[in-house]
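Asker: Please find start_27.tsv (TSV, C-alpha atoms) on the next line:
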chain	number	residue	atom	x	y	z
A	61	MET	CA	65.99	92.58	349.28
A	62	THR	CA	67.94	94.93	347.08
A	63	ASP	CA	66.21	95.96	343.86
A	64	GLU	CA	68.71	95.49	341.03
A	65	THR	CA	68.36	96.94	337.55
A	66	GLN	CA	69.29	94.39	334.94
A	67	PRO	CA	72.05	95.83	332.72
A	68	HIS	CA	71.95	95.47	328.97
A	69	ILE	CA	73.91	92.49	327.67
A	70	ALA	CA	76.35	94.88	325.99
A	71	GLU	CA	77.22	96.31	329.37
A	72	GLN	CA	77.61	92.83	330.84
A	73	LEU	CA	79.95	91.35	328.26
A	74	TYR	CA	80.58	93.19	325.04
A	75	ASN	CA	82.35	96.24	326.49
A	76	GLN	CA	84.47	94.42	329.05
A	77	SER	CA	88.07	93.27	328.81
A	78	TRP	CA	89.26	89.81	329.81
A	79	GLU	CA	90.59	91.30	333.04
A	80	ASP	CA	87.21	92.90	333.76
A	81	LEU	CA	85.43	89.59	333.18
A	82	GLU	CA	87.44	87.83	335.94
A	83	VAL	CA	87.34	84.53	334.09
A	84	LEU	CA	87.94	81.32	336.05
A	85	GLU	CA	89.28	78.01	334.81
A	86	HIS	CA	88.09	74.66	336.18
A	87	ASN	CA	88.78	71.22	334.72
A	88	ASP	CA	90.12	72.87	331.57
A	89	ARG	CA	86.86	74.80	331.10
A	90	LEU	CA	86.44	78.58	331.14
A	91	LEU	CA	83.85	79.99	333.56
A	92	PHE	CA	82.59	83.58	333.22
A	93	PRO	CA	81.04	85.36	336.24
A	94	SER	CA	77.58	86.71	335.48
A	95	LYS	CA	74.08	87.01	336.91
A	96	ILE	CA	70.71	85.50	336.15
A	97	TYR	CA	67.70	87.56	337.15
A	98	LYS	CA	64.37	86.79	338.78
A	99	ARG	CA	61.58	88.98	340.14
A	100	ASN	CA	60.73	88.96	343.84
A	101	LYS	CA	57.15	88.81	345.16
A	102	ASP	CA	57.27	92.57	345.88
A	103	GLY	CA	58.09	93.29	342.22
A	104	SER	CA	61.78	94.03	342.73
A	105	ILE	CA	64.46	92.33	340.64
A	106	LYS	CA	67.09	90.10	342.20
A	107	GLY	CA	70.34	89.12	340.49
A	108	ILE	CA	71.66	85.63	341.25
A	109	ASP	CA	75.43	85.23	340.94
A	110	VAL	CA	76.34	82.43	338.53
A	111	LEU	CA	79.19	81.24	336.36
A	112	LEU	CA	78.63	80.69	332.66
A	113	GLN	CA	80.56	77.83	331.10
A	114	ALA	CA	81.53	78.24	327.47
A	115	PRO	CA	79.82	75.30	325.72
A	116	ARG	CA	81.67	72.76	323.62
A	117	GLU	CA	80.35	70.35	321.01
A	118	ALA	CA	79.96	67.60	323.61
A	119	ASP	CA	77.64	69.89	325.57
A	120	PHE	CA	75.45	70.47	322.52
A	121	ARG	CA	75.22	66.71	321.89
A	122	LYS	CA	74.40	65.96	325.51
A	123	ALA	CA	71.73	68.68	325.53
A	124	ARG	CA	70.11	67.18	322.43
A	125	VAL	CA	70.09	63.66	323.90
A	126	LEU	CA	68.63	64.92	327.19
A	127	ALA	CA	65.94	66.89	325.37
A	128	ARG	CA	64.89	64.09	323.04
A	129	ASN	CA	64.74	61.49	325.81
A	130	ALA	CA	62.70	63.78	328.06
A	131	CYS	CA	60.31	64.78	325.27
A	132	LEU	CA	59.77	61.16	324.22
A	133	LYS	CA	58.85	60.32	327.83
A	134	GLU	CA	56.27	63.10	327.65
A	135	LYS	CA	55.01	61.55	324.37
A	136	LEU	CA	55.87	64.54	322.23
A	137	ASP	CA	56.14	63.92	318.50
A	138	LEU	CA	59.69	64.57	317.23
A	139	ASP	CA	58.35	66.11	314.01
A	140	ARG	CA	55.08	67.77	314.99
A	141	ASP	CA	56.48	69.20	318.22
A	142	LYS	CA	59.86	70.17	316.78
A	143	ASN	CA	59.72	73.75	318.13
A	144	LEU	CA	58.97	72.58	321.67
A	145	ILE	CA	61.80	70.07	321.52
A	146	GLU	CA	64.29	72.66	320.25
A	147	GLN	CA	63.24	75.03	323.03
A	148	TYR	CA	63.77	72.32	325.64
A	149	GLU	CA	67.13	71.47	324.06
A	150	THR	CA	68.19	75.07	324.75
A	151	THR	CA	67.03	74.65	328.36
A	152	CYS	CA	69.15	71.50	328.65
A	153	LEU	CA	72.18	73.37	327.34
A	154	LEU	CA	71.55	76.14	329.87
A	155	HIS	CA	71.37	73.53	332.62
A	156	LEU	CA	74.83	72.29	331.62
A	157	CYS	CA	76.36	75.75	331.27
A	158	ILE	CA	74.89	77.80	334.14
A	159	ARG	CA	77.09	76.92	337.11
A	160	ASN	CA	77.13	77.57	340.83
A	161	PRO	CA	79.69	80.31	341.65
A	162	SER	CA	81.17	78.23	344.48
A	163	SER	CA	83.58	75.33	344.05
A	164	PRO	CA	83.16	72.66	342.71
A	165	TYR	CA	81.04	74.77	340.30
A	166	GLU	CA	78.22	72.26	339.81
A	167	PRO	CA	75.18	73.13	337.64
A	168	LEU	CA	73.01	75.78	339.29
A	169	ALA	CA	69.89	73.60	339.05
A	170	TYR	CA	69.58	69.88	339.74
A	171	ASN	CA	68.08	69.25	336.30
A	172	PRO	CA	66.61	71.20	333.35
A	173	GLU	CA	63.10	70.95	334.77
A	174	GLU	CA	64.18	72.63	337.99
A	175	LEU	CA	65.85	75.41	336.01
A	176	GLU	CA	62.59	76.05	334.13
A	177	GLN	CA	60.64	76.13	337.39
A	178	GLN	CA	63.00	78.59	339.10
A	179	TYR	CA	63.40	81.16	336.31
A	180	GLU	CA	61.18	82.85	333.76
A	181	MET	CA	61.78	82.11	330.08
A	182	THR	CA	62.90	85.70	329.45
A	183	SER	CA	65.66	85.29	332.06
A	184	LEU	CA	66.76	82.02	330.49
A	185	GLU	CA	66.78	83.59	327.02
A	186	SER	CA	69.02	86.37	328.32
A	187	ALA	CA	71.35	83.79	329.86
A	188	TYR	CA	71.44	81.92	326.54
A	189	ASP	CA	72.47	85.10	324.70
A	190	LYS	CA	75.33	85.56	327.17
A	191	ILE	CA	76.40	81.93	326.80
A	192	CYS	CA	76.59	82.35	323.03
A	193	ARG	CA	78.78	85.39	323.62
A	194	VAL	CA	81.15	83.62	326.03
A	195	ARG	CA	81.47	80.85	323.46
A	196	ASP	CA	82.71	83.44	320.97
A	197	LEU	CA	85.04	84.91	323.59
A	198	SER	CA	86.49	81.44	324.24
A	199	ASP	CA	87.30	80.89	320.58
A	200	PRO	CA	91.10	80.41	320.37
A	201	ARG	CA	91.26	81.75	316.84
A	202	PRO	CA	92.52	85.33	316.27
A	203	SER	CA	89.87	87.92	317.11
A	204	GLU	CA	91.51	91.01	315.60
A	205	LEU	CA	92.19	91.86	311.98
A	206	SER	CA	94.51	94.56	310.64
A	207	GLU	CA	94.09	96.04	307.18
A	208	MET	CA	97.01	93.87	306.03
A	209	ASP	CA	95.25	90.79	307.42
A	210	CYS	CA	92.13	91.70	305.44
A	211	TRP	CA	94.03	92.05	302.17
A	212	THR	CA	95.82	88.77	302.86
A	213	LEU	CA	92.45	87.12	303.38
A	214	VAL	CA	91.21	88.57	300.08
A	215	THR	CA	94.18	86.96	298.32
A	216	ALA	CA	93.65	83.63	300.10
A	217	ILE	CA	89.93	83.52	299.28
A	218	ALA	CA	90.53	84.52	295.65
A	219	THR	CA	93.17	81.79	295.32
A	220	ALA	CA	91.03	79.12	297.00
A	221	ARG	CA	87.86	80.26	295.21
A	222	ASN	CA	85.91	79.64	298.42
A	223	ALA	CA	85.45	81.21	301.86
A	224	LEU	CA	87.32	78.48	303.76
A	225	PRO	CA	90.26	80.79	304.70
A	226	LEU	CA	87.80	82.83	306.79
A	227	THR	CA	87.42	79.92	309.22
A	228	ALA	CA	90.95	80.60	310.49
A	229	TYR	CA	89.49	83.60	312.33
A	230	ALA	CA	86.91	83.95	315.10
A	231	PRO	CA	83.32	85.10	314.27
A	232	ASP	CA	84.00	88.70	315.34
A	233	SER	CA	86.96	88.87	312.97
A	234	GLN	CA	84.86	87.45	310.15
A	235	SER	CA	82.38	90.28	310.69
A	236	ILE	CA	85.21	92.81	310.62
A	237	PHE	CA	86.40	91.34	307.32
A	238	MET	CA	82.91	91.50	305.82
A	239	LEU	CA	82.57	95.18	306.79
A	240	PHE	CA	86.04	95.85	305.36
A	241	MET	CA	84.96	94.33	302.05
A	242	VAL	CA	81.70	96.32	302.05
A	243	ASP	CA	83.68	99.53	302.55
A	244	GLN	CA	86.02	98.65	299.69
A	245	LEU	CA	83.14	97.84	297.35
A	246	PHE	CA	81.13	100.88	298.39
A	247	ASN	CA	84.02	103.17	297.41
A	248	SER	CA	84.98	101.28	294.26
A	249	PRO	CA	84.50	102.58	290.67
A	250	ALA	CA	82.51	99.42	289.91
A	251	TYR	CA	79.94	100.28	292.59
A	252	ARG	CA	79.67	103.89	291.40
A	253	SER	CA	79.13	102.60	287.88
A	254	PHE	CA	76.42	100.28	289.20
A	255	LEU	CA	74.65	103.18	290.93
A	256	GLU	CA	74.79	105.27	287.75
A	257	SER	CA	73.36	102.43	285.69
A	258	GLN	CA	70.56	101.93	288.21
A	259	GLU	CA	69.74	105.64	288.09
A	260	VAL	CA	69.56	105.57	284.31
A	261	SER	CA	67.41	102.44	284.44
A	262	MET	CA	64.98	104.05	286.88
A	263	GLN	CA	64.72	107.16	284.70
A	264	GLU	CA	63.94	105.02	281.64
A	265	GLN	CA	61.24	103.11	283.51
A	266	SER	CA	59.53	106.14	285.05
A	267	PRO	CA	56.61	107.57	283.01
A	268	SER	CA	57.20	110.96	281.45
A	269	SER	CA	55.14	113.90	282.61
A	270	ASP	CA	53.77	114.30	279.05
A	271	SER	CA	52.06	110.92	279.19
A	272	ILE	CA	50.05	111.73	282.32
A	273	GLU	CA	46.44	112.49	281.49
A	274	PRO	CA	44.34	114.83	283.65
Can you give me the file's structure in the form of structure tokens?
Answerer:
Amino acid sequence: MTDETQPHIAEQLYNQSWEDLEVLEHNDRLLFPSKIYKRNKDGSIKGIDVLLQAPREADFRKARVLARNACLKEKLDLDRDKNLIEQYETTCLLHLCIRNPSSPYEPLAYNPEELEQQYEMTSLESAYDKICRVRDLSDPRPSELSEMDCWTLVTAIATARNALPLTAYAPDSQSIFMLFMVDQLFNSPAYRSFLESQEVSMQEQSPSSDSIEP
């Protein structure tokens, strides 16, 4: 079998356009072509073609119900074994969102247990990272911010006295806005004044060379 080198997640999703991603639509759901990796018995790496379905709130609820029911059957304690249950909840979400690349695009594995048995946890964690990314990509809110948009947001937030106006934009845009604000504050007279005051404060707190005894 062909030995495939697993690309970094940035190469798989972050630096690709929508056209590059070759997104499919099925039953009003977006499906993103990708790969999930496993190691062969000879040590080589094999990439399995899959489709990643952008999760919706109903998927998160279903994953939680599946996880709790399965863990209760295994007599896990919902409080004491919280970490194990949360981990299995992620596996259940992966089961719902990792799809067969052929129509009718059914889940890749029959159930979450089969998914765990077929793939290593590191491969599933990588798939989860990509699913989180495709969820962001599927966000219908604006994903780009101009400088004018940023200043408009500043006005809206100042007027509302809360950060609710930020929710009109996708997560990537919110990050852009935060960096814009950091740049503005970093170059502001108020920040320079703060740095000067901190420098004076540090000088006042530092012991003088005259007070140091041999």
Asker: Could you tell me how far atom CA of A:Glu146 sits from atom CA of A:Lys106, in Å to one decimal place?
Answerer: 28.2 Å
Asker: Let me make sure I understand: among A:Arg195, A:Gln244, A:Arg99, A:Ala228, which one has the smallest atom-to-atom distance to A:Ala216 if we use all atoms listed in the file?
Answerer: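 Comparing A:Arg195, A:Gln244, A:Arg99, A:Ala228 against A:Ala216, the winner is A:Ala228.
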Asker: At a cut-off of 12 Å, using only C-alpha atoms, what residues contact stretch 109-117 of chain A? Leave out same-chain residues fewer than 5 positions from it and give the result as number ranges by chain.
Answerer: A: 73, 81-98, 122-124, 150, 152-169, 186-199
Asker: By how many Å are atom CA of A:Leu224 and atom CA of A:Val242 apart?
Answerer: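 Between atom CA of A:Leu224 and atom CA of A:Val242 the gap is 18.8 Å.
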Asker: Between atom CA of A:Pro249 and atom CA of A:Phe237, what is the spacing in Å?
Answerer: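 These atoms are spaced 20.2 Å apart.
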Asker: A:Ile108, A:Gln258, A:Glu207, A:Asp141: which is nearest A:Ser183, counting only C-alpha atoms?
Answerer: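 Result for the nearest residue to A:Ser183: A:Ile108.
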